[in-house]
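Shown here: run.pdb, PDB, C-alpha atoms and all ligand atoms.
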ATOM      1  CA  MET A 259     107.385 117.723  94.288
ATOM      2  CA  GLU A 260     104.264 118.613  96.222
ATOM      3  CA  THR A 261     101.109 118.586  94.192
ATOM      4  CA  PRO A 262      98.116 119.073  96.435
ATOM      5  CA  VAL A 263      94.935 119.192  94.415
ATOM      6  CA  SER A 264      94.305 122.907  94.627
ATOM      7  CA  ARG A 265      90.674 122.979  93.566
ATOM      8  CA  PRO A 266      89.287 119.533  94.255
ATOM      9  CA  ARG A 267      86.277 118.557  92.177
ATOM     10  CA  ILE A 268      84.307 115.488  91.192
ATOM     11  CA  ASP A 269      84.396 114.630  87.499
ATOM     12  CA  PRO A 270      80.823 113.471  86.780
ATOM     13  CA  GLU A 271      82.114 111.409  83.871
ATOM     14  CA  PHE A 272      83.641 108.935  86.356
ATOM     15  CA  ALA A 273      81.145 109.167  89.236
ATOM     16  CA  VAL A 274      78.103 106.905  89.115
ATOM     17  CA  PHE A 275      76.310 108.645  91.998
ATOM     18  CA  PRO A 276      76.108 112.355  92.818
ATOM     19  CA  LEU A 277      79.047 113.146  95.127
ATOM     20  CA  ALA A 278      80.266 116.357  96.740
ATOM     21  CA  ILE A 279      83.598 117.515  98.132
ATOM     22  CA  ARG A 280      83.496 119.224 101.506
ATOM     23  CA  LYS A 281      85.812 119.828 104.440
ATOM     24  CA  SER A 282      86.392 116.658 106.428
ATOM     25  CA  LYS A 283      87.036 116.084 110.112
ATOM     26  CA  ILE A 284      89.507 113.373 109.146
ATOM     27  CA  HIS A 285      91.817 115.246 106.789
ATOM     28  CA  ARG A 286      91.456 118.424 104.728
ATOM     29  CA  TYR A 287      88.700 117.580 102.250
ATOM     30  CA  GLY A 288      86.509 114.535 101.899
ATOM     31  CA  VAL A 289      84.030 113.111  99.397
ATOM     32  CA  TYR A 290      80.388 112.818 100.482
ATOM     33  CA  ALA A 291      77.426 110.915  99.086
ATOM     34  CA  GLN A 292      74.588 113.210  98.042
ATOM     35  CA  GLU A 293      72.158 110.348  97.525
ATOM     36  CA  ARG A 294      71.691 106.910  99.033
ATOM     37  CA  ILE A 295      74.153 104.418  97.524
ATOM     38  CA  PRO A 296      73.159 100.744  97.709
ATOM     39  CA  ALA A 297      75.749  98.103  98.693
ATOM     40  CA  ASN A 298      78.021  96.507  96.085
ATOM     41  CA  ARG A 299      77.698  99.243  93.497
ATOM     42  CA  LYS A 300      80.330 101.039  91.484
ATOM     43  CA  VAL A 301      80.607 104.512  93.049
ATOM     44  CA  ILE A 302      83.468 106.225  91.214
ATOM     45  CA  GLU A 303      86.516 105.347  89.154
ATOM     46  CA  TYR A 304      89.946 106.456  90.400
ATOM     47  CA  THR A 305      91.659 108.202  87.504
ATOM     48  CA  GLY A 306      94.938 110.024  87.068
ATOM     49  CA  GLU A 307      98.098 110.256  85.084
ATOM     50  CA  ARG A 308      99.602 106.814  84.433
ATOM     51  CA  ILE A 309     103.208 106.835  85.628
ATOM     52  CA  SER A 310     106.056 104.306  85.830
ATOM     53  CA  ARG A 311     107.622 102.841  88.932
ATOM     54  CA  ALA A 312     110.650 105.197  88.796
ATOM     55  CA  GLU A 313     108.412 108.242  88.423
ATOM     56  CA  THR A 314     106.214 106.983  91.286
ATOM     57  CA  LYS A 315     109.262 106.833  93.544
ATOM     58  CA  ARG A 316     110.172 110.389  92.601
ATOM     59  CA  ARG A 317     106.667 111.775  93.234
ATOM     60  CA  GLY A 318     106.061 109.744  96.369
ATOM     61  CA  ASN A 319     108.128 112.076  98.529
ATOM     62  CA  GLY A 320     105.778 115.061  98.565
ATOM     63  CA  GLU A 321     103.659 116.081 101.529
ATOM     64  CA  TYR A 322     100.430 115.395  99.678
ATOM     65  CA  THR A 323     100.435 112.550  97.236
ATOM     66  CA  TYR A 324      97.577 110.930  95.373
ATOM     67  CA  LEU A 325      99.306 107.834  94.083
ATOM     68  CA  PHE A 326      97.433 104.598  93.570
ATOM     69  CA  THR A 327      99.291 101.432  92.598
ATOM     70  CA  LEU A 328      97.592  99.757  89.658
ATOM     71  CA  ASP A 329      99.991  96.843  89.217
ATOM     72  CA  ASN A 330     103.695  95.977  89.510
ATOM     73  CA  TYR A 331     104.626  98.655  87.044
ATOM     74  CA  TRP A 332     101.966 101.310  86.724
ATOM     75  CA  THR A 333     100.669 103.840  89.216
ATOM     76  CA  LEU A 334      97.922 106.413  88.763
ATOM     77  CA  ASP A 335      98.665 109.923  90.031
ATOM     78  CA  GLY A 336      95.306 111.405  90.932
ATOM     79  CA  ALA A 337      96.846 114.862  91.344
ATOM     80  CA  ILE A 338      96.800 115.092  87.541
ATOM     81  CA  GLY A 339      93.525 114.233  85.849
ATOM     82  CA  GLY A 340      91.990 112.877  89.028
ATOM     83  CA  SER A 341      88.245 112.149  89.055
ATOM     84  CA  GLY A 342      87.885 113.345  92.664
ATOM     85  CA  ALA A 343      88.284 109.796  94.021
ATOM     86  CA  GLU A 344      91.808 110.806  95.085
ATOM     87  CA  ILE A 345      90.180 113.058  97.719
ATOM     88  CA  ILE A 346      88.481 110.094  99.455
ATOM     89  CA  ASN A 347      89.985 109.743 102.926
ATOM     90  CA  HIS A 348      91.342 106.660 104.616
ATOM     91  CA  SER A 349      89.469 104.913 107.407
ATOM     92  CA  CYS A 350      90.138 101.660 109.241
ATOM     93  CA  GLU A 351      86.342 101.112 108.959
ATOM     94  CA  PRO A 352      85.787 101.862 105.267
ATOM     95  CA  ASN A 353      82.479 101.983 103.382
ATOM     96  CA  VAL A 354      84.016 101.655  99.913
ATOM     97  CA  VAL A 355      86.710  99.311  98.586
ATOM     98  CA  ALA A 356      89.018  99.622  95.591
ATOM     99  CA  ARG A 357      88.949  96.842  93.001
ATOM    100  CA  ILE A 358      91.167  96.684  89.957
ATOM    101  CA  MET A 359      89.093  95.668  86.952
ATOM    102  CA  LYS A 360      90.605  95.436  83.462
ATOM    103  CA  GLY A 361      93.235  98.064  84.227
ATOM    104  CA  HIS A 362      90.772 100.445  85.901
ATOM    105  CA  ILE A 363      90.576 101.254  89.605
ATOM    106  CA  ILE A 364      86.942 101.104  90.680
ATOM    107  CA  TYR A 365      85.608 102.093  94.093
ATOM    108  CA  LEU A 366      82.687  99.873  95.129
ATOM    109  CA  SER A 367      80.330 100.401  98.069
ATOM    110  CA  LEU A 368      80.834  97.831 100.844
ATOM    111  CA  ARG A 369      77.428  98.552 102.358
ATOM    112  CA  GLU A 370      74.540 100.961 101.934
ATOM    113  CA  ILE A 371      75.783 104.551 102.256
ATOM    114  CA  GLN A 372      73.416 107.272 103.432
ATOM    115  CA  PRO A 373      73.114 110.747 101.893
ATOM    116  CA  GLY A 374      75.610 113.093 103.577
ATOM    117  CA  GLU A 375      77.917 110.250 104.647
ATOM    118  CA  GLU A 376      81.607 110.619 103.896
ATOM    119  CA  LEU A 377      83.081 107.990 101.561
ATOM    120  CA  LEU A 378      85.970 106.193 103.250
ATOM    121  CA  VAL A 379      88.420 103.639 101.889
ATOM    122  CA  ASP A 380      91.145 101.612 103.593
ATOM    123  CA  TYR A 381      94.373 102.764 101.901
ATOM    124  CA  ASN A 382      96.104  99.525 102.941
ATOM    125  CA  PHE A 383      99.515 101.032 102.201
ATOM    126  CA  THR A 384     102.355  98.557 101.824
ATOM    127  CA  TYR A 385     104.518  98.698 104.935
ATOM    128  CA  THR A 386     108.149  99.367 104.066
ATOM    129  CA  GLY A 387     109.338 100.772 107.394
ATOM    130  CA  ASP A 388     107.529 104.123 107.397
ATOM    131  CA  LYS A 389     104.233 104.339 109.234
ATOM    132  CA  SER A 390     101.471 106.787 108.261
ATOM    133  CA  ARG A 391      99.630 107.735 111.431
ATOM    134  CA  CYS A 392      95.871 107.238 111.204
ATOM    135  CA  ALA A 393      93.374 109.525 112.901
ATOM    136  CA  CYS A 394      90.209 108.093 111.364
ATOM    137  CA  GLY A 395      88.455 107.918 114.740
ATOM    138  CA  ALA A 396      86.959 104.482 114.071
ATOM    139  CA  ARG A 397      86.575 102.191 117.088
ATOM    140  CA  SER A 398      88.728  99.582 115.382
ATOM    141  CA  CYS A 399      91.394 102.123 114.277
ATOM    142  CA  ARG A 400      94.726 100.300 114.023
ATOM    143  CA  GLY A 401      96.661 103.589 114.334
ATOM    144  CA  VAL A 402      98.350 103.401 110.939
ATOM    145  CA  MET A 403      97.211 103.452 107.304
ATOM    146  CA  GLU A 404      99.489 100.550 106.364
ATOM    147  CA  LYS A 405      98.152  97.074 105.791
ATOM    148  CA  LEU A 406      98.798  94.949 108.874
ATOM    149  CA  THR A 407     101.530  92.388 108.353
ATOM    150  CA  PRO A 408     103.030  90.199 111.104
ATOM    151  CA  ARG A 409     106.091  92.489 111.154
ATOM    152  CA  LEU A 410     104.022  95.693 111.451
ATOM    153  CA  GLN A 411     101.802  94.044 114.081
ATOM    154  CA  ARG A 412     104.872  93.217 116.189
ATOM    155  CA  GLU A 413     106.209  96.767 115.865
ATOM    156  CA  LEU A 414     102.878  98.312 116.836
ATOM    157  CA  GLU A 415     102.610  96.037 119.868
ATOM    158  CA  LYS A 416     106.122  97.047 120.933
ATOM    159  CA  TYR A 417     105.223 100.711 120.492
ATOM    160  CA  ARG A 418     102.004 100.388 122.528
ATOM    161  CA  ALA A 419     103.779  98.498 125.308
ATOM    162  CA  ALA A 420     106.413 101.261 125.522
ATOM    163  CA  ARG A 421     103.709 103.951 125.573
ATOM    164  CA  ASP A 422     101.721 102.156 128.306
ATOM    165  CA  ALA A 423     104.880 101.766 130.372
ATOM    166  CA  ARG A 424     105.416 105.534 130.197
ATOM    167  CA  ALA A 425     101.869 106.436 131.306
ATOM    168  CA  PRO A 426     100.460 103.447 133.196
ATOM    169  CA  ARG A 427      97.581 105.294 134.836
ATOM    170  CA  ALA A 428      96.525 107.719 132.110
ATOM    171  CA  ALA A 429      93.976 105.352 130.583
ATOM    172  CA  HIS A 430      92.254 104.663 133.908
ATOM    173  CA  LYS A 431      92.075 108.343 134.786
ATOM    174  CA  THR A 432      90.258 109.185 131.546
ATOM    175  CA  LYS A 433      87.848 106.339 132.116
ATOM    176  CA  SER A 434      86.832 107.323 135.644
ATOM    177  CA  ALA A 435      86.472 110.976 134.621
ATOM    178  CA  THR A 436      83.834 110.102 132.042
ATOM    179  CA  ALA A 437      82.085 107.384 134.123
TER
HETATM  180 ZN    ZN A 501      92.268 104.419 111.607
END
Could you spell out this file's structure in structure tokens?
Amino acid sequence: METPVSRPRIDPEFAVFPLAIRKSKIHRYGVYAQERIPANRKVIEYTGERISRAETKRRGNGEYTYLFTLDNYWTLDGAIGGSGAEIINHSCEPNVVARIMKGHIIYLSLREIQPGEELLVDYNFTYTGDKSRCACGARSCRGVMEKLTPRLQRELEKYRAARDARAPRAAHKTKSATA
């Protein structure tokens, strides 16, 4: 079942600061700060329909999913009753972090966020063999949205080595062209 959020909006009941949804360079839509947000502050709560593990498995196969694991059993599906936090894009250099507090998923600011800045969170997906390609554009981008584990690290290194073997001079060419 594909359930893209058709008309994304911020629910002010769950947002502590004024936020806006706009098109994002990273992926479809993004959430943007409309005012300065100090560091270490609650920014927005991630809400959604509370679903079981079996239901999560069933819904997890769509093209667009807004599933957030709350604990070993429960998942929140932000596609239904989402506060707008489900629109926040992934980045390998995030400015907000998700914390689970008393059964609620709270997004906290990791640093001061300027007005107009896009909110970005590290999805830290659990690696189970499928990689989600990352195009966040951060300098430290690890190339995938999964949390790095020793196994994933080894696989990524293997992949990069194979790619470099295919195009050994491509990187140098780009460099000298821009120098
Ligand atoms: Zn990235």
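Near A:Phe275, within 9 Å and counting all atoms listed in the file, sit A:Pro270, A:Ala291, A:Gln292, A:Glu293, A:Arg294, A:Ile295, A:Lys300, A:Val301, A:Ile302; same-chain residues fewer than 3 positions away were not included.
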| message | Taking all atoms listed in the file into account, list the residues no farther than 6 Å from ligand ZN 501 (chain A), as an MDAnalysis selection string. | response | chainID A and resid 349:350 392:394 396 399:401
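Evaluating the PyMOL selection byres (((chain A and resi 357-370) around 6) and not hetatm) against the shown model yields Ile295, Pro296, Ala297, Asn298, Arg299, Lys300, Val301, Ile302, Glu303, Tyr304, Asn353, Val354, Val355, Ala356 and Ile371 of chain A.
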Take every atom of stretch 398-411 of chain A listed in the file, pad by 8 Å on each side, and give me the axis-aligned box centre and edge lengths in Å, one decimal, as AutoDock Vina command-line options.
--center_x 97.4 --center_y 96.9 --center_z 110.6 --size_x 33.4 --size_y 29.4 --size_z 25.6
| Selection near A:Lys281, 12 Å with all atoms listed in the file, sequence-local residues under 2 positions removed, as a PyMOL selection string | chain A and resi 266+278-279+283-290+345-347+376
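Atom CA of A:Thr384 lies 24.6 Å from atom CA of A:Ser282.
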| task | Using atom CA of A:Pro352 and atom CA of A:Trp332 as the two end points, give the distance in Å to one decimal. | result |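 Interatomic distance here is 24.6 Å.
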| said: One number please: atom CA of A:Thr323 to atom CA of A:Glu344, in Å, one decimal. | reply: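 Atom-to-atom, atom CA of A:Thr323 to atom CA of A:Glu344, that is 9.1 Å.
Distance annotation: of A:Thr333, A:Thr407, A:Asn382, A:Ser341, the residue with the minimal separation from A:Arg267 is A:Ser341; atom set is all atoms listed in the file.
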| query | Selected by the PyMOL selection byres (((chain A and resi 390) around 8) and not hetatm) in the shown coordinates: which residues, as a PyMOL selection string? | reply | chain A and resi 388-389+391-392+402-404
| said: Quick one: residues within 8 Å of A:Asp335, all atoms listed in the file, excluding same-chain residues fewer than 5 positions away - as a PyMOL selection string? | reply: chain A and resi 305-309+323-326+340
